[in-house]
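A.B. asks: Have a peek at final-v2.pdb (PDB, C-alpha atoms, pLDDT in the B column).
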ATOM      1  CA  MET A   1     -54.146  26.229  60.772  1.00 90.00           C
ATOM      2  CA  ILE A   2     -52.120  26.268  57.546  1.00 93.00           C
ATOM      3  CA  LEU A   3     -49.429  24.064  59.107  1.00 95.00           C
ATOM      4  CA  THR A   4     -52.091  21.525  60.067  1.00 96.00           C
ATOM      5  CA  GLN A   5     -53.500  21.574  56.532  1.00 96.00           C
ATOM      6  CA  LEU A   6     -50.020  21.134  55.034  1.00 96.00           C
ATOM      7  CA  PHE A   7     -49.298  18.266  57.410  1.00 97.00           C
ATOM      8  CA  GLN A   8     -52.608  16.518  56.684  1.00 96.00           C
ATOM      9  CA  SER A   9     -52.288  16.931  52.916  1.00 95.00           C
ATOM     10  CA  PHE A  10     -48.736  15.628  52.716  1.00 96.00           C
ATOM     11  CA  LEU A  11     -49.522  12.822  55.160  1.00 95.00           C
ATOM     12  CA  ILE A  12     -52.196  11.666  52.689  1.00 94.00           C
ATOM     13  CA  ILE A  13     -49.790  12.030  49.759  1.00 93.00           C
ATOM     14  CA  GLY A  14     -47.029  10.179  51.640  1.00 92.00           C
ATOM     15  CA  ALA A  15     -49.370   7.347  52.573  1.00 90.00           C
ATOM     16  CA  GLY A  16     -50.309   6.857  48.928  1.00 85.00           C
ATOM     17  CA  ALA A  17     -46.841   7.400  47.469  1.00 80.00           C
ATOM     18  CA  PHE A  18     -46.417   3.970  45.946  1.00 73.00           C
ATOM     19  CA  GLY A  19     -44.528   3.834  42.676  1.00 67.00           C
ATOM     20  CA  GLY A  20     -41.942   6.497  43.356  1.00 70.00           C
ATOM     21  CA  GLY A  21     -41.766  10.270  43.144  1.00 73.00           C
ATOM     22  CA  TYR A  22     -43.125  10.730  39.659  1.00 74.00           C
ATOM     23  CA  ALA A  23     -46.174   8.636  40.523  1.00 75.00           C
ATOM     24  CA  THR A  24     -47.000  11.073  43.338  1.00 83.00           C
ATOM     25  CA  ILE A  25     -47.080  14.155  41.121  1.00 84.00           C
ATOM     26  CA  ALA A  26     -50.777  13.629  40.352  1.00 84.00           C
ATOM     27  CA  MET A  27     -51.544  13.394  44.077  1.00 88.00           C
ATOM     28  CA  ILE A  28     -49.491  16.503  44.779  1.00 89.00           C
ATOM     29  CA  GLU A  29     -51.335  18.345  42.000  1.00 88.00           C
ATOM     30  CA  HIS A  30     -54.693  17.269  43.399  1.00 91.00           C
ATOM     31  CA  GLU A  31     -53.975  18.363  46.978  1.00 92.00           C
ATOM     32  CA  VAL A  32     -51.836  21.429  46.356  1.00 93.00           C
ATOM     33  CA  VAL A  33     -53.481  22.910  43.239  1.00 91.00           C
ATOM     34  CA  ALA A  34     -57.039  21.553  43.022  1.00 92.00           C
ATOM     35  CA  VAL A  35     -58.058  21.147  46.677  1.00 94.00           C
ATOM     36  CA  HIS A  36     -56.183  23.940  48.460  1.00 95.00           C
ATOM     37  CA  GLY A  37     -55.121  26.301  45.660  1.00 94.00           C
ATOM     38  CA  TRP A  38     -51.792  26.915  47.366  1.00 94.00           C
ATOM     39  CA  ILE A  39     -50.079  27.138  43.971  1.00 91.00           C
ATOM     40  CA  THR A  40     -51.249  27.311  40.354  1.00 90.00           C
ATOM     41  CA  ALA A  41     -50.785  24.620  37.698  1.00 87.00           C
ATOM     42  CA  SER A  42     -48.002  26.646  36.066  1.00 86.00           C
ATOM     43  CA  GLU A  43     -46.290  27.051  39.432  1.00 89.00           C
ATOM     44  CA  LEU A  44     -46.540  23.265  39.855  1.00 88.00           C
ATOM     45  CA  SER A  45     -44.551  22.880  36.629  1.00 85.00           C
ATOM     46  CA  GLU A  46     -41.873  25.161  38.081  1.00 87.00           C
ATOM     47  CA  LEU A  47     -41.997  23.214  41.350  1.00 86.00           C
ATOM     48  CA  ILE A  48     -41.389  19.931  39.498  1.00 86.00           C
ATOM     49  CA  ALA A  49     -38.482  21.431  37.552  1.00 83.00           C
ATOM     50  CA  ILE A  50     -36.886  22.733  40.756  1.00 86.00           C
ATOM     51  CA  ALA A  51     -37.530  19.431  42.569  1.00 85.00           C
ATOM     52  CA  GLN A  52     -35.785  17.558  39.737  1.00 81.00           C
ATOM     53  CA  MET A  53     -32.747  19.835  39.826  1.00 81.00           C
ATOM     54  CA  THR A  54     -32.148  19.612  43.561  1.00 85.00           C
ATOM     55  CA  PRO A  55     -30.560  16.606  45.271  1.00 86.00           C
ATOM     56  CA  GLY A  56     -32.922  14.059  46.756  1.00 84.00           C
ATOM     57  CA  PRO A  57     -36.177  12.370  45.824  1.00 86.00           C
ATOM     58  CA  ILE A  58     -38.497  14.508  43.714  1.00 85.00           C
ATOM     59  CA  ALA A  59     -41.584  13.973  45.891  1.00 88.00           C
ATOM     60  CA  ILE A  60     -39.812  14.988  49.107  1.00 92.00           C
ATOM     61  CA  ASN A  61     -38.306  18.001  47.356  1.00 91.00           C
ATOM     62  CA  ALA A  62     -41.769  18.934  46.080  1.00 91.00           C
ATOM     63  CA  ALA A  63     -43.207  18.630  49.593  1.00 93.00           C
ATOM     64  CA  THR A  64     -40.438  20.767  51.051  1.00 94.00           C
ATOM     65  CA  TYR A  65     -40.743  23.391  48.312  1.00 92.00           C
ATOM     66  CA  THR A  66     -44.531  23.563  48.608  1.00 93.00           C
ATOM     67  CA  GLY A  67     -44.417  23.810  52.386  1.00 96.00           C
ATOM     68  CA  PHE A  68     -41.840  26.593  52.202  1.00 95.00           C
ATOM     69  CA  ARG A  69     -43.825  28.415  49.549  1.00 92.00           C
ATOM     70  CA  VAL A  70     -47.017  28.254  51.615  1.00 93.00           C
ATOM     71  CA  ALA A  71     -45.741  28.764  55.186  1.00 96.00           C
ATOM     72  CA  GLY A  72     -41.992  29.355  55.204  1.00 96.00           C
ATOM     73  CA  PHE A  73     -39.531  27.240  57.148  1.00 97.00           C
ATOM     74  CA  TRP A  74     -42.133  25.607  59.412  1.00 97.00           C
ATOM     75  CA  GLY A  75     -44.326  24.828  56.432  1.00 97.00           C
ATOM     76  CA  ALA A  76     -41.397  23.093  54.745  1.00 96.00           C
ATOM     77  CA  ALA A  77     -40.688  21.137  57.930  1.00 97.00           C
ATOM     78  CA  ALA A  78     -44.347  20.129  58.362  1.00 97.00           C
ATOM     79  CA  ALA A  79     -44.837  19.039  54.738  1.00 97.00           C
ATOM     80  CA  THR A  80     -41.561  17.099  54.624  1.00 96.00           C
ATOM     81  CA  ALA A  81     -42.172  15.370  57.963  1.00 97.00           C
ATOM     82  CA  ALA A  82     -45.732  14.469  57.000  1.00 97.00           C
ATOM     83  CA  PHE A  83     -44.691  13.083  53.618  1.00 95.00           C
ATOM     84  CA  THR A  84     -41.981  10.850  55.107  1.00 94.00           C
ATOM     85  CA  LEU A  85     -43.916   9.730  58.208  1.00 96.00           C
ATOM     86  CA  PRO A  86     -45.940   6.911  56.552  1.00 94.00           C
ATOM     87  CA  SER A  87     -42.775   5.402  55.042  1.00 91.00           C
ATOM     88  CA  VAL A  88     -40.957   5.563  58.366  1.00 93.00           C
ATOM     89  CA  ILE A  89     -43.846   3.862  60.164  1.00 94.00           C
ATOM     90  CA  PHE A  90     -44.168   1.196  57.459  1.00 91.00           C
ATOM     91  CA  CYS A  91     -40.420   0.460  57.439  1.00 89.00           C
ATOM     92  CA  ALA A  92     -40.238   0.362  61.252  1.00 93.00           C
ATOM     93  CA  ALA A  93     -43.155  -2.080  61.377  1.00 91.00           C
ATOM     94  CA  LEU A  94     -41.618  -4.237  58.667  1.00 85.00           C
ATOM     95  CA  ILE A  95     -38.245  -4.270  60.447  1.00 86.00           C
ATOM     96  CA  ARG A  96     -39.930  -5.318  63.716  1.00 87.00           C
ATOM     97  CA  LEU A  97     -41.871  -8.027  61.916  1.00 84.00           C
ATOM     98  CA  PHE A  98     -38.768  -9.445  60.249  1.00 78.00           C
ATOM     99  CA  ALA A  99     -36.661  -9.141  63.416  1.00 81.00           C
ATOM    100  CA  SER A 100     -39.240 -10.993  65.500  1.00 82.00           C
ATOM    101  CA  ALA A 101     -39.604 -13.688  62.848  1.00 79.00           C
ATOM    102  CA  ALA A 102     -35.908 -14.000  61.956  1.00 75.00           C
ATOM    103  CA  SER A 103     -35.741 -17.631  63.019  1.00 80.00           C
ATOM    104  CA  VAL A 104     -38.803 -18.610  60.973  1.00 81.00           C
ATOM    105  CA  PRO A 105     -37.533 -20.550  57.934  1.00 84.00           C
ATOM    106  CA  TRP A 106     -39.730 -18.844  55.326  1.00 83.00           C
ATOM    107  CA  VAL A 107     -38.599 -15.386  56.523  1.00 79.00           C
ATOM    108  CA  GLU A 108     -34.944 -16.356  56.037  1.00 80.00           C
ATOM    109  CA  THR A 109     -35.799 -17.767  52.607  1.00 86.00           C
ATOM    110  CA  LEU A 110     -37.644 -14.560  51.723  1.00 81.00           C
ATOM    111  CA  ARG A 111     -34.686 -12.414  52.806  1.00 78.00           C
ATOM    112  CA  LYS A 112     -32.249 -14.531  50.798  1.00 83.00           C
ATOM    113  CA  SER A 113     -34.567 -14.368  47.776  1.00 85.00           C
ATOM    114  CA  VAL A 114     -35.160 -10.634  47.898  1.00 82.00           C
ATOM    115  CA  GLN A 115     -31.463  -9.714  47.885  1.00 84.00           C
ATOM    116  CA  PRO A 116     -30.701 -11.136  44.410  1.00 87.00           C
ATOM    117  CA  ALA A 117     -33.965  -9.712  43.087  1.00 85.00           C
ATOM    118  CA  VAL A 118     -32.968  -6.245  44.294  1.00 81.00           C
ATOM    119  CA  ALA A 119     -29.503  -6.685  42.766  1.00 85.00           C
ATOM    120  CA  GLY A 120     -31.227  -7.608  39.491  1.00 85.00           C
ATOM    121  CA  LEU A 121     -33.340  -4.448  39.653  1.00 81.00           C
ATOM    122  CA  ILE A 122     -30.224  -2.350  40.228  1.00 82.00           C
ATOM    123  CA  ILE A 123     -28.459  -3.998  37.281  1.00 85.00           C
ATOM    124  CA  ALA A 124     -31.539  -3.422  35.101  1.00 83.00           C
ATOM    125  CA  ALA A 125     -31.594   0.249  36.136  1.00 75.00           C
ATOM    126  CA  VAL A 126     -27.904   0.566  35.255  1.00 80.00           C
ATOM    127  CA  LEU A 127     -28.479  -0.986  31.836  1.00 81.00           C
ATOM    128  CA  LEU A 128     -31.540   1.155  31.104  1.00 75.00           C
ATOM    129  CA  TYR A 129     -29.859   4.331  32.317  1.00 74.00           C
ATOM    130  CA  GLY A 130     -26.668   3.428  30.486  1.00 78.00           C
ATOM    131  CA  GLN A 131     -28.447   3.246  27.128  1.00 79.00           C
ATOM    132  CA  THR A 132     -29.110   6.974  27.208  1.00 78.00           C
ATOM    133  CA  SER A 133     -26.256   8.265  29.365  1.00 79.00           C
ATOM    134  CA  ILE A 134     -23.460   6.347  27.622  1.00 84.00           C
ATOM    135  CA  PRO A 135     -24.069   7.182  23.951  1.00 83.00           C
ATOM    136  CA  GLY A 136     -20.635   6.426  22.543  1.00 86.00           C
ATOM    137  CA  LEU A 137     -17.225   4.849  23.023  1.00 89.00           C
ATOM    138  CA  ARG A 138     -15.714   7.831  24.864  1.00 87.00           C
ATOM    139  CA  SER A 139     -18.606   7.847  27.340  1.00 87.00           C
ATOM    140  CA  ALA A 140     -18.293   4.083  27.800  1.00 88.00           C
ATOM    141  CA  VAL A 141     -14.575   4.401  28.538  1.00 89.00           C
ATOM    142  CA  LEU A 142     -15.229   7.180  31.067  1.00 89.00           C
ATOM    143  CA  ALA A 143     -17.950   5.062  32.746  1.00 88.00           C
ATOM    144  CA  ALA A 144     -15.712   1.981  32.820  1.00 90.00           C
ATOM    145  CA  LEU A 145     -12.801   3.941  34.306  1.00 90.00           C
ATOM    146  CA  THR A 146     -15.038   5.422  36.985  1.00 89.00           C
ATOM    147  CA  PHE A 147     -16.387   1.973  37.844  1.00 89.00           C
ATOM    148  CA  ALA A 148     -12.880   0.473  37.954  1.00 91.00           C
ATOM    149  CA  VAL A 149     -11.514   3.209  40.216  1.00 90.00           C
ATOM    150  CA  LEU A 150     -14.426   2.823  42.629  1.00 87.00           C
ATOM    151  CA  ALA A 151     -14.459  -0.983  42.589  1.00 87.00           C
ATOM    152  CA  LEU A 152     -10.699  -1.489  42.829  1.00 89.00           C
ATOM    153  CA  SER A 153      -9.838   1.319  45.226  1.00 85.00           C
ATOM    154  CA  LYS A 154      -8.559   0.034  48.570  1.00 78.00           C
ATOM    155  CA  ASP A 155      -9.165   3.423  50.180  1.00 81.00           C
ATOM    156  CA  LYS A 156     -12.729   3.842  48.979  1.00 81.00           C
ATOM    157  CA  ILE A 157     -12.954   7.078  47.035  1.00 85.00           C
ATOM    158  CA  HIS A 158     -16.096   9.082  47.649  1.00 87.00           C
ATOM    159  CA  PRO A 159     -18.503   8.840  44.677  1.00 83.00           C
ATOM    160  CA  VAL A 160     -19.023  12.622  44.650  1.00 86.00           C
ATOM    161  CA  LEU A 161     -15.302  13.073  43.983  1.00 90.00           C
ATOM    162  CA  LEU A 162     -15.569  10.629  41.086  1.00 88.00           C
ATOM    163  CA  VAL A 163     -18.538  12.540  39.647  1.00 85.00           C
ATOM    164  CA  LEU A 164     -16.588  15.809  39.848  1.00 89.00           C
ATOM    165  CA  CYS A 165     -13.532  14.202  38.254  1.00 90.00           C
ATOM    166  CA  GLY A 166     -15.756  12.723  35.554  1.00 86.00           C
ATOM    167  CA  GLY A 167     -17.207  16.164  34.834  1.00 85.00           C
ATOM    168  CA  ILE A 168     -13.747  17.699  34.548  1.00 90.00           C
ATOM    169  CA  ALA A 169     -12.523  14.811  32.375  1.00 88.00           C
ATOM    170  CA  GLY A 170     -15.632  15.220  30.219  1.00 84.00           C
ATOM    171  CA  ILE A 171     -14.719  18.824  29.465  1.00 86.00           C
ATOM    172  CA  PHE A 172     -11.390  17.656  28.080  1.00 86.00           C
ATOM    173  CA  ILE A 173     -12.724  14.535  26.357  1.00 84.00           C
ATOM    174  CA  PHE A 174     -15.832  16.040  24.769  1.00 82.00           C
ATOM    175  CA  GLY A 175     -14.687  19.651  24.475  1.00 78.00           C
ATOM    176  CA  GLN A 176     -16.352  22.735  25.787  1.00 68.00           C
ATOM    177  CA  PRO A 177     -19.709  23.704  24.332  1.00 66.00           C
ATOM    178  CA  ALA A 178     -19.809  26.691  22.035  1.00 62.00           C
ATOM    179  CA  PRO A 179     -21.064  29.889  23.702  1.00 68.00           C
ATOM    180  CA  PRO A 180     -24.660  30.839  22.880  1.00 64.00           C
TER     181      PRO A 180
END
The structure in this file should be written as structure tokens.
C.D. replies:
Amino acid sequence: MILTQLFQSFLIIGAGAFGGGYATIAMIEHEVVAVHGWITASELSELIAIAQMTPGPIAINAATYTGFRVAGFWGAAAATAAFTLPSVIFCAALIRLFASAASVPWVETLRKSVQPAVAGLIIAAVLLYGQTSIPGLRSAVLAALTFAVLALSKDKIHPVLLVLCGGIAGIFIFGQPAPP
């Protein structure tokens, strides 16, 4: 019974999850706290903090965490599967639509138009993120070096390795923080 409720709740949340993970927090709060009372409002704050700290999208992490909290491993599996199911169905339908209409001129034009728009969104995200994450010259040099190594490397270096190297370099460049 609880697995069915988890699945139904996160299927609803997943179907309405337009606008990204943070936009779904209100829906998660409604279903998980207000409707079912599976967790309290203060526990939701902890859930959001944990979901932000773990790798992956915040909404999926929140679904997994809630499901685990409510019904263990199978609850986590049910909530995560239900949350992602609407997106999978939507993407599969969209892929089929575009594949079947690939020779239609307006579909090709749309595809060619969307690619530069997406590149523009990525560039905008980099610039917006860079304003806060690259506060000074030393940070800018570290970012530029990381970009250059990744872009110019013939044997593509894994980005995780670059992040680790950047963290180690940052300790030397910025110094170690004073102990509390």
A.B. asks: Could you check the closest approach to A:Tyr65 for each of A:Ala41, A:Ile48, A:Val114, A:Leu121 and tell me which residue wins, using only C-alpha atoms?
C.D. replies: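 Closest residue, counting only C-alpha atoms: A:Ile48.
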A.B. asks: Restricting the calculation to all atoms listed in the file: of A:Leu145, A:Leu6, A:Ala125, A:Ala63, which residue gets closest to A:Val163?
C.D. replies: A:Leu145
A.B. asks: Given the file shown, determine the residues that the PyMOL selection byres ((chain A and resi 13) around 10) selects; report them as a ChimeraX atom specification.
C.D. replies: /A:7-12,14-18,24-28,30-31,59,63,79,82-84,86
A.B. asks: Select, from A:Val33, A:Ile60, A:Ile50, A:Ala169, the residue with the minimum atom-to-atom distance to A:Arg138, counting all atoms listed in the file.
C.D. replies: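 Looking at the shortest contact to A:Arg138, the residue is A:Ala169.
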A.B. asks: Measure the distance from atom CA of A:Ala143 to atom CA of A:Gln131 in Å and round it to one decimal.
C.D. replies: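 Atom-to-atom, atom CA of A:Ala143 and atom CA of A:Gln131 are spaced 12.0 Å apart.
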A.B. asks: I'd like the interatomic distance between atom CA of A:Thr146 and atom CA of A:Met53, to a tenth of an Å.
C.D. replies: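 Rounded to one decimal, the two atoms are 23.0 Å apart.
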A.B. asks: Taking (-44.2, 27.6, 65.2) as a centre in this file's frame and 12 Å as the limit, can you find every polymer residue with an atom that close, using all atoms listed in the file, and give them as a ChimeraX atom specification?
C.D. replies: /A:1-4,71-78
